[in-house]
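Asker: Here you go, query_0.pdb (PDB, C-alpha atoms):
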MODEL        1
ATOM      1  CA  MET A 747       3.750  23.514   2.109  1.00  0.00           C
ATOM      2  CA  ASN A 748       4.775  22.828   5.705  1.00  0.00           C
ATOM      3  CA  PRO A 749       8.580  23.204   6.137  1.00  0.00           C
ATOM      4  CA  ARG A 750       8.649  19.762   7.772  1.00  0.00           C
ATOM      5  CA  HIS A 751       7.722  18.313   4.388  1.00  0.00           C
ATOM      6  CA  ARG A 752      10.657  19.848   2.513  1.00  0.00           C
ATOM      7  CA  GLY A 753      13.578  17.687   3.591  1.00  0.00           C
ATOM      8  CA  LYS A 754      15.050  15.345   1.022  1.00  0.00           C
ATOM      9  CA  ASP A 755      14.445  12.508   3.479  1.00  0.00           C
ATOM     10  CA  ASN A 756      10.724  13.284   3.410  1.00  0.00           C
ATOM     11  CA  GLN A 757      10.102  12.662  -0.249  1.00  0.00           C
ATOM     12  CA  VAL A 758       9.822   9.745  -2.605  1.00  0.00           C
ATOM     13  CA  ARG A 759       9.466   9.690  -6.358  1.00  0.00           C
ATOM     14  CA  ILE A 760       6.904   7.995  -8.568  1.00  0.00           C
ATOM     15  CA  ILE A 761       8.850   5.463 -10.624  1.00  0.00           C
ATOM     16  CA  GLY A 762       6.474   4.707 -13.494  1.00  0.00           C
ATOM     17  CA  GLY A 763       3.389   5.676 -15.449  1.00  0.00           C
ATOM     18  CA  THR A 764       1.984   9.073 -16.379  1.00  0.00           C
ATOM     19  CA  HIS A 765       3.489  10.792 -13.322  1.00  0.00           C
ATOM     20  CA  ARG A 766       6.905   9.154 -13.530  1.00  0.00           C
ATOM     21  CA  SER A 767       9.678  11.088 -11.741  1.00  0.00           C
ATOM     22  CA  ARG A 768       7.220  13.353  -9.897  1.00  0.00           C
ATOM     23  CA  ILE A 769       7.900  13.783  -6.179  1.00  0.00           C
ATOM     24  CA  ILE A 770       5.598  12.853  -3.293  1.00  0.00           C
ATOM     25  CA  ARG A 771       6.310  14.652  -0.023  1.00  0.00           C
ATOM     26  CA  PHE A 772       5.308  13.348   3.386  1.00  0.00           C
ATOM     27  CA  PRO A 773       5.562  14.455   7.027  1.00  0.00           C
ATOM     28  CA  ASP A 774       7.949  13.331   9.755  1.00  0.00           C
ATOM     29  CA  GLN A 775       6.111  10.638  11.628  1.00  0.00           C
ATOM     30  CA  ASP A 776       7.220   7.661  13.695  1.00  0.00           C
ATOM     31  CA  GLY A 777       6.819   4.424  11.761  1.00  0.00           C
ATOM     32  CA  LEU A 778       6.241   6.141   8.406  1.00  0.00           C
ATOM     33  CA  ARG A 779       8.755   4.696   5.946  1.00  0.00           C
ATOM     34  CA  PRO A 780       7.718   4.564   2.305  1.00  0.00           C
ATOM     35  CA  THR A 781       8.453   1.417   0.334  1.00  0.00           C
ATOM     36  CA  SER A 782      11.892   1.751  -1.272  1.00  0.00           C
ATOM     37  CA  ASP A 783      12.192   2.341  -5.026  1.00  0.00           C
ATOM     38  CA  ARG A 784      13.852  -1.052  -5.430  1.00  0.00           C
ATOM     39  CA  ILE A 785      11.005  -2.938  -3.742  1.00  0.00           C
ATOM     40  CA  LYS A 786       8.350  -0.776  -5.412  1.00  0.00           C
ATOM     41  CA  GLU A 787       9.839  -1.513  -8.827  1.00  0.00           C
ATOM     42  CA  THR A 788       9.783  -5.261  -8.125  1.00  0.00           C
ATOM     43  CA  LEU A 789       6.195  -5.094  -6.863  1.00  0.00           C
ATOM     44  CA  PHE A 790       4.930  -3.186  -9.889  1.00  0.00           C
ATOM     45  CA  ASN A 791       6.762  -5.563 -12.226  1.00  0.00           C
ATOM     46  CA  TRP A 792       4.904  -8.405 -10.500  1.00  0.00           C
ATOM     47  CA  ILE A 793       1.502  -6.721 -10.887  1.00  0.00           C
ATOM     48  CA  GLN A 794       2.026  -4.854 -14.167  1.00  0.00           C
ATOM     49  CA  ASN A 795      -0.833  -6.732 -15.851  1.00  0.00           C
ATOM     50  CA  ASP A 796      -3.183  -6.204 -12.904  1.00  0.00           C
ATOM     51  CA  VAL A 797      -2.899  -2.445 -12.246  1.00  0.00           C
ATOM     52  CA  SER A 798      -4.670  -0.964 -15.266  1.00  0.00           C
ATOM     53  CA  ASN A 799      -8.325  -0.304 -14.390  1.00  0.00           C
ATOM     54  CA  ALA A 800      -7.915  -1.889 -10.938  1.00  0.00           C
ATOM     55  CA  ALA A 801      -9.773  -0.736  -7.856  1.00  0.00           C
ATOM     56  CA  CYS A 802      -7.022  -0.547  -5.218  1.00  0.00           C
ATOM     57  CA  LEU A 803      -6.964  -0.356  -1.437  1.00  0.00           C
ATOM     58  CA  ASP A 804      -3.898   1.095   0.292  1.00  0.00           C
ATOM     59  CA  LEU A 805      -4.047   0.123   3.986  1.00  0.00           C
ATOM     60  CA  PHE A 806      -1.647   1.898   6.373  1.00  0.00           C
ATOM     61  CA  ALA A 807      -1.169   4.321   3.486  1.00  0.00           C
ATOM     62  CA  GLY A 808       1.501   6.456   5.195  1.00  0.00           C
ATOM     63  CA  SER A 809       3.021   8.532   2.403  1.00  0.00           C
ATOM     64  CA  GLY A 810       0.496   7.157  -0.101  1.00  0.00           C
ATOM     65  CA  SER A 811       3.392   6.042  -2.289  1.00  0.00           C
ATOM     66  CA  LEU A 812       1.967   2.652  -3.328  1.00  0.00           C
ATOM     67  CA  GLY A 813      -1.521   3.909  -4.109  1.00  0.00           C
ATOM     68  CA  ILE A 814      -0.248   6.966  -5.974  1.00  0.00           C
ATOM     69  CA  GLU A 815       2.115   4.746  -7.972  1.00  0.00           C
ATOM     70  CA  ALA A 816      -0.892   2.571  -8.893  1.00  0.00           C
ATOM     71  CA  LEU A 817      -2.862   5.639 -10.035  1.00  0.00           C
ATOM     72  CA  SER A 818       0.096   6.791 -12.128  1.00  0.00           C
ATOM     73  CA  ARG A 819       0.085   3.381 -13.793  1.00  0.00           C
ATOM     74  CA  GLY A 820      -3.608   3.433 -14.718  1.00  0.00           C
ATOM     75  CA  ALA A 821      -5.507   2.152 -11.671  1.00  0.00           C
ATOM     76  CA  LYS A 822      -9.217   2.971 -11.884  1.00  0.00           C
ATOM     77  CA  SER A 823      -9.327   4.142  -8.249  1.00  0.00           C
ATOM     78  CA  VAL A 824      -7.480   3.973  -4.940  1.00  0.00           C
ATOM     79  CA  HIS A 825      -8.915   4.081  -1.444  1.00  0.00           C
ATOM     80  CA  PHE A 826      -6.247   5.152   1.069  1.00  0.00           C
ATOM     81  CA  VAL A 827      -6.713   4.318   4.758  1.00  0.00           C
ATOM     82  CA  GLU A 828      -4.457   6.209   7.164  1.00  0.00           C
ATOM     83  CA  SER A 829      -4.972   6.942  10.866  1.00  0.00           C
ATOM     84  CA  ALA A 830      -2.487   9.813  11.316  1.00  0.00           C
ATOM     85  CA  ALA A 831      -4.042  13.199  10.560  1.00  0.00           C
ATOM     86  CA  GLU A 832      -0.870  14.776   9.185  1.00  0.00           C
ATOM     87  CA  ALA A 833      -0.135  11.815   6.883  1.00  0.00           C
ATOM     88  CA  ALA A 834      -3.741  11.701   5.596  1.00  0.00           C
ATOM     89  CA  LYS A 835      -3.602  15.455   4.921  1.00  0.00           C
ATOM     90  CA  SER A 836      -0.306  15.013   3.067  1.00  0.00           C
ATOM     91  CA  ILE A 837      -1.785  12.276   0.844  1.00  0.00           C
ATOM     92  CA  ASN A 838      -4.674  14.597  -0.056  1.00  0.00           C
ATOM     93  CA  GLU A 839      -2.203  17.404  -0.835  1.00  0.00           C
ATOM     94  CA  ASN A 840      -0.106  15.128  -3.065  1.00  0.00           C
ATOM     95  CA  LEU A 841      -3.203  13.887  -4.906  1.00  0.00           C
ATOM     96  CA  ALA A 842      -4.275  17.489  -5.523  1.00  0.00           C
ATOM     97  CA  ASP A 843      -0.777  18.561  -6.624  1.00  0.00           C
ATOM     98  CA  LEU A 844      -0.652  15.671  -9.105  1.00  0.00           C
ATOM     99  CA  GLY A 845      -4.228  16.185 -10.322  1.00  0.00           C
ATOM    100  CA  LEU A 846      -5.233  12.652  -9.323  1.00  0.00           C
ATOM    101  CA  GLU A 847      -8.974  12.644  -8.683  1.00  0.00           C
ATOM    102  CA  LYS A 848      -9.826   8.930  -8.646  1.00  0.00           C
ATOM    103  CA  ALA A 849      -8.958   8.553  -4.976  1.00  0.00           C
ATOM    104  CA  VAL A 850     -10.498   8.684  -1.522  1.00  0.00           C
ATOM    105  CA  VAL A 851      -8.562   9.144   1.715  1.00  0.00           C
ATOM    106  CA  SER A 852     -10.177   7.779   4.888  1.00  0.00           C
ATOM    107  CA  ARG A 853      -8.661   9.005   8.137  1.00  0.00           C
ATOM    108  CA  SER A 854      -9.247   5.938  10.271  1.00  0.00           C
ATOM    109  CA  SER A 855      -7.437   3.062  11.880  1.00  0.00           C
ATOM    110  CA  VAL A 856      -7.277   0.111   9.507  1.00  0.00           C
ATOM    111  CA  GLU A 857      -9.048  -2.095  12.052  1.00  0.00           C
ATOM    112  CA  ALA A 858     -11.985   0.313  12.416  1.00  0.00           C
ATOM    113  CA  TRP A 859     -12.212   0.872   8.671  1.00  0.00           C
ATOM    114  CA  LEU A 860     -12.236  -2.871   7.943  1.00  0.00           C
ATOM    115  CA  LYS A 861     -15.000  -3.420  10.507  1.00  0.00           C
ATOM    116  CA  ASP A 862     -17.144  -0.502   9.350  1.00  0.00           C
ATOM    117  CA  SER A 863     -16.553   0.217   5.685  1.00  0.00           C
ATOM    118  CA  ALA A 864     -14.685  -2.465   3.804  1.00  0.00           C
ATOM    119  CA  ALA A 865     -17.615  -4.551   2.619  1.00  0.00           C
ATOM    120  CA  GLN A 866     -19.033  -1.539   0.753  1.00  0.00           C
ATOM    121  CA  SER A 867     -16.474  -2.055  -2.028  1.00  0.00           C
ATOM    122  CA  LEU A 868     -14.634  -4.887  -3.735  1.00  0.00           C
ATOM    123  CA  PHE A 869     -10.987  -4.318  -4.571  1.00  0.00           C
ATOM    124  CA  ASP A 870      -8.734  -5.881  -7.190  1.00  0.00           C
ATOM    125  CA  LEU A 871      -5.443  -4.952  -5.480  1.00  0.00           C
ATOM    126  CA  VAL A 872      -4.767  -4.484  -1.780  1.00  0.00           C
ATOM    127  CA  PHE A 873      -1.525  -3.098  -0.352  1.00  0.00           C
ATOM    128  CA  ILE A 874      -0.818  -3.967   3.304  1.00  0.00           C
ATOM    129  CA  ASP A 875       2.309  -2.350   4.717  1.00  0.00           C
ATOM    130  CA  PRO A 876       1.828  -1.599   8.447  1.00  0.00           C
ATOM    131  CA  PRO A 877       4.464   0.056  10.635  1.00  0.00           C
ATOM    132  CA  TYR A 878       6.938  -2.688  11.474  1.00  0.00           C
ATOM    133  CA  ALA A 879       6.756  -1.969  15.201  1.00  0.00           C
ATOM    134  CA  ASP A 880       3.022  -2.769  15.276  1.00  0.00           C
ATOM    135  CA  GLN A 881       3.490  -6.520  14.735  1.00  0.00           C
ATOM    136  CA  LYS A 882      -0.134  -6.965  13.671  1.00  0.00           C
ATOM    137  CA  LEU A 883       0.167  -8.144  10.085  1.00  0.00           C
ATOM    138  CA  GLU A 884      -1.427 -11.557  10.688  1.00  0.00           C
ATOM    139  CA  THR A 885      -4.415  -9.995  12.473  1.00  0.00           C
ATOM    140  CA  ILE A 886      -4.924  -7.482   9.663  1.00  0.00           C
ATOM    141  CA  CYS A 887      -4.749 -10.232   7.016  1.00  0.00           C
ATOM    142  CA  GLU A 888      -7.502 -12.146   8.840  1.00  0.00           C
ATOM    143  CA  MET A 889      -9.590  -8.971   9.136  1.00  0.00           C
ATOM    144  CA  VAL A 890      -9.214  -8.300   5.394  1.00  0.00           C
ATOM    145  CA  THR A 891     -10.425 -11.835   4.679  1.00  0.00           C
ATOM    146  CA  THR A 892     -13.353 -11.508   7.099  1.00  0.00           C
ATOM    147  CA  ALA A 893     -14.335  -8.156   5.559  1.00  0.00           C
ATOM    148  CA  GLN A 894     -14.658  -9.863   2.147  1.00  0.00           C
ATOM    149  CA  CYS A 895     -13.412  -6.738   0.389  1.00  0.00           C
ATOM    150  CA  ILE A 896     -11.224  -8.442  -2.246  1.00  0.00           C
ATOM    151  CA  ARG A 897     -12.567  -9.871  -5.492  1.00  0.00           C
ATOM    152  CA  SER A 898     -11.858 -13.540  -6.104  1.00  0.00           C
ATOM    153  CA  GLY A 899      -8.584 -13.615  -7.999  1.00  0.00           C
ATOM    154  CA  GLY A 900      -7.580 -10.245  -6.527  1.00  0.00           C
ATOM    155  CA  LYS A 901      -3.987  -9.607  -5.500  1.00  0.00           C
ATOM    156  CA  VAL A 902      -2.657  -8.747  -2.041  1.00  0.00           C
ATOM    157  CA  TYR A 903       0.777  -7.236  -1.403  1.00  0.00           C
ATOM    158  CA  LEU A 904       2.337  -7.575   2.068  1.00  0.00           C
ATOM    159  CA  GLU A 905       5.509  -6.021   3.395  1.00  0.00           C
ATOM    160  CA  ASN A 906       7.174  -6.836   6.719  1.00  0.00           C
ATOM    161  CA  ASN A 907      10.553  -6.564   8.444  1.00  0.00           C
ATOM    162  CA  ALA A 908      10.720 -10.299   9.122  1.00  0.00           C
ATOM    163  CA  GLU A 909      10.019 -13.428   7.118  1.00  0.00           C
ATOM    164  CA  LEU A 910       6.576 -14.830   7.745  1.00  0.00           C
ATOM    165  CA  SER A 911       5.700 -18.506   7.785  1.00  0.00           C
ATOM    166  CA  PRO A 912       3.106 -19.825   5.312  1.00  0.00           C
ATOM    167  CA  GLU A 913       0.771 -20.570   8.250  1.00  0.00           C
ATOM    168  CA  SER A 914       0.640 -16.822   8.952  1.00  0.00           C
ATOM    169  CA  PHE A 915      -1.539 -16.137   5.939  1.00  0.00           C
ATOM    170  CA  PRO A 916      -5.230 -16.820   5.338  1.00  0.00           C
ATOM    171  CA  GLU A 917      -5.945 -20.204   3.719  1.00  0.00           C
ATOM    172  CA  SER A 918      -7.807 -18.508   0.881  1.00  0.00           C
ATOM    173  CA  TRP A 919      -4.642 -16.660  -0.204  1.00  0.00           C
ATOM    174  CA  ARG A 920      -2.268 -18.382  -2.612  1.00  0.00           C
ATOM    175  CA  LEU A 921       1.344 -17.195  -2.485  1.00  0.00           C
ATOM    176  CA  LEU A 922       2.492 -16.114  -5.960  1.00  0.00           C
ATOM    177  CA  ARG A 923       5.805 -14.386  -5.218  1.00  0.00           C
ATOM    178  CA  GLN A 924       8.041 -13.526  -2.329  1.00  0.00           C
ATOM    179  CA  LYS A 925      11.344 -11.773  -2.048  1.00  0.00           C
ATOM    180  CA  LYS A 926      13.672 -10.236   0.488  1.00  0.00           C
ATOM    181  CA  ALA A 927      15.579  -6.964   0.168  1.00  0.00           C
ATOM    182  CA  GLY A 928      17.889  -6.321   3.103  1.00  0.00           C
ATOM    183  CA  GLN A 929      15.749  -6.727   6.220  1.00  0.00           C
ATOM    184  CA  VAL A 930      12.454  -6.376   4.338  1.00  0.00           C
ATOM    185  CA  SER A 931      10.391  -9.372   3.234  1.00  0.00           C
ATOM    186  CA  PHE A 932       7.589  -8.805   0.761  1.00  0.00           C
ATOM    187  CA  TYR A 933       4.922 -11.050  -0.701  1.00  0.00           C
ATOM    188  CA  LEU A 934       2.290 -11.170  -3.419  1.00  0.00           C
ATOM    189  CA  PHE A 935      -0.806 -13.321  -2.986  1.00  0.00           C
ATOM    190  CA  GLU A 936      -3.845 -14.134  -5.083  1.00  0.00           C
ATOM    191  CA  THR A 937      -7.168 -14.652  -3.363  1.00  0.00           C
ATOM    192  CA  THR A 938      -8.936 -17.875  -4.224  1.00  0.00           C
ATOM    193  CA  SER A 939     -12.367 -17.074  -2.762  1.00  0.00           C
TER     194      SER A 939
ENDMDL
END
Show me, as structure tokens, the structure contained in the file I just sent.

Answerer:
Amino acid sequence: MNPRHRGKDNQVRIIGGTHRSRIIRFPDQDGLRPTSDRIKETLFNWIQNDVSNAACLDLFAGSGSLGIEALSRGAKSVHFVESAAEAAKSINENLADLGLEKAVVSRSSVEAWLKDSAAQSLFDLVFIDPPYADQKLETICEMVTTAQCIRSGGKVYLENNAELSPESFPESWRLLRQKKAGQVSFYLFETTS
């Protein structure tokens, strides 16, 4: 493995499921910051009844931590979308190391992928956690809605470094939960159409 992947700061652990306590390594990359264990634990408590057999979409996958956690907890499949070559390669390496085969990694910008590929599949769970500096969460949420890639009743997880107003979200998304941990605000929605 690349020496850049070996630092303790460049790893995160799987917190539940069949691969609990296994380590995921990821490259140094601006804007790549995996969801903290504390937030990830809250999220997966929220969706514990929705993960098993779910088709998941991990947008802005980064380290792949959320999608790999979902696979560990029984997700049927995960489609990772990541634009950075090194991060996408690292996700593939982690999937291989863990023996997780029910996954696809698309090296693409989220915007291009949503325009070109999203409608080919319907997902039960969608994770949206863009780099905080990008400030494009609202645009991506609208693109996800336009792409019609989420089943009715599907769940959407959002993470951001600032609180978002209810008007920021698509009308067809019903807010189920929201919480703040330090500077991070995170949300769980259910799609209604």

Asker: With distances taken over only C-alpha atoms, which of A:Val856, A:Leu934, A:Ala821, A:Leu868 is nearest to Val797 of chain A?

Answerer: A:Ala821

Asker: Considering all atoms listed in the file, tabulate each residue of segment 820-903 of chain A that lies at most 12 Å from segment 751-770 of chain A along with its nearest interatomic pair and the corresponding distance in Å to one decimal; arrange the rows by chain and ascending residue number and present them as JSON lines.

Answerer:
{"residue": "A:Gly820", "atom": "CA", "partner": "A:Gly763", "partner_atom": "CA", "distance": 7.4}
{"residue": "A:Ala821", "atom": "CA", "partner": "A:Gly763", "partner_atom": "CA", "distance": 10.3}
{"residue": "A:Glu832", "atom": "CA", "partner": "A:His751", "partner_atom": "CA", "distance": 10.5}
{"residue": "A:Ala833", "atom": "CA", "partner": "A:His751", "partner_atom": "CA", "distance": 10.5}
{"residue": "A:Lys835", "atom": "CA", "partner": "A:His751", "partner_atom": "CA", "distance": 11.7}
{"residue": "A:Ser836", "atom": "CA", "partner": "A:His751", "partner_atom": "CA", "distance": 8.8}
{"residue": "A:Ile837", "atom": "CA", "partner": "A:Ile770", "partner_atom": "CA", "distance": 8.5}
{"residue": "A:Asn838", "atom": "CA", "partner": "A:Ile770", "partner_atom": "CA", "distance": 10.9}
{"residue": "A:Glu839", "atom": "CA", "partner": "A:Ile770", "partner_atom": "CA", "distance": 9.4}
{"residue": "A:Asn840", "atom": "CA", "partner": "A:Ile770", "partner_atom": "CA", "distance": 6.1}
{"residue": "A:Leu841", "atom": "CA", "partner": "A:Ile770", "partner_atom": "CA", "distance": 9.0}
{"residue": "A:Ala842", "atom": "CA", "partner": "A:Ile770", "partner_atom": "CA", "distance": 11.1}
{"residue": "A:Asp843", "atom": "CA", "partner": "A:Ile770", "partner_atom": "CA", "distance": 9.2}
{"residue": "A:Leu844", "atom": "CA", "partner": "A:His765", "partner_atom": "CA", "distance": 7.7}
{"residue": "A:Gly845", "atom": "CA", "partner": "A:His765", "partner_atom": "CA", "distance": 9.9}
{"residue": "A:Leu846", "atom": "CA", "partner": "A:His765", "partner_atom": "CA", "distance": 9.8}

Asker: On this structure, the PyMOL selection byres ((chain A and resi 937) around 6) would catch which residues? List them as a PDB file with C-alpha atoms, in the coordinates of the input, sorted by chain and number.

Answerer:
ATOM      1  CA  SER A 898     -11.858 -13.540  -6.104  1.00  0.00           C
ATOM      2  CA  GLY A 899      -8.584 -13.615  -7.999  1.00  0.00           C
ATOM      3  CA  GLY A 900      -7.580 -10.245  -6.527  1.00  0.00           C
ATOM      4  CA  SER A 918      -7.807 -18.508   0.881  1.00  0.00           C
ATOM      5  CA  TRP A 919      -4.642 -16.660  -0.204  1.00  0.00           C
ATOM      6  CA  GLU A 936      -3.845 -14.134  -5.083  1.00  0.00           C
ATOM      7  CA  THR A 938      -8.936 -17.875  -4.224  1.00  0.00           C
ATOM      8  CA  SER A 939     -12.367 -17.074  -2.762  1.00  0.00           C
TER       9      SER A 939
END

Asker: Provide the atom CA of Ser854 of chain A to atom CA of Ile886 of chain A distance in Å, to one decimal place.

Answerer: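 So the answer is 14.1 Å.
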
Asker: When you look at Val850 of chain A with a cut-off of 7 Å (counting all atoms listed in the file), what residues show up, excluding the ones that are within fewer than 6 positions of it in the same chain? I need them as a ChimeraX atom specification.

Answerer: /A:824-826

Asker: So how far away is atom CA of Met889 of chain A from atom CA of Leu812 of chain A, in Å?

Answerer: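 So the answer is 20.6 Å.
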
Asker: Could you state the separation of atom CA of Glu909 of chain A and atom CA of Ala830 of chain A in Å, given to one decimal place?

Answerer: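 It comes out at 26.7 Å.
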
Asker: Residue by residue, what does the PyMOL selection byres ((chain A and resi 904) around 8) grab here? Present the result as a ChimeraX atom specification.

Answerer: /A:873-875,902-903,905-906,932-934

Asker: Applying 12 Å and all atoms listed in the file, which residues near Lys822 of chain A remain after dropping the ones on its own chain fewer than 2 positions away? List them as a list of chain:residue names.

Answerer: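 In the requested format, the answer is A:Asp796, A:Val797, A:Ser798, A:Asn799, A:Ala800, A:Ala801, A:Cys802, A:Leu803, A:Gly813, A:Ile814, A:Ala816, A:Leu817, A:Ser818, A:Arg819, A:Gly820, A:Val824, A:His825, A:Leu846, A:Glu847, A:Lys848, A:Ala849, A:Val850, A:Phe869, A:Asp870, A:Leu871.
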
Asker: Using the chain letters and numbers from the file, give me the residues hit by the PyMOL selection byres ((chain A and resi 829) around 12), as a PyMOL selection string.

Answerer: chain A and resi 775+778+805-809+826-828+830-835+837+851-859+876-877
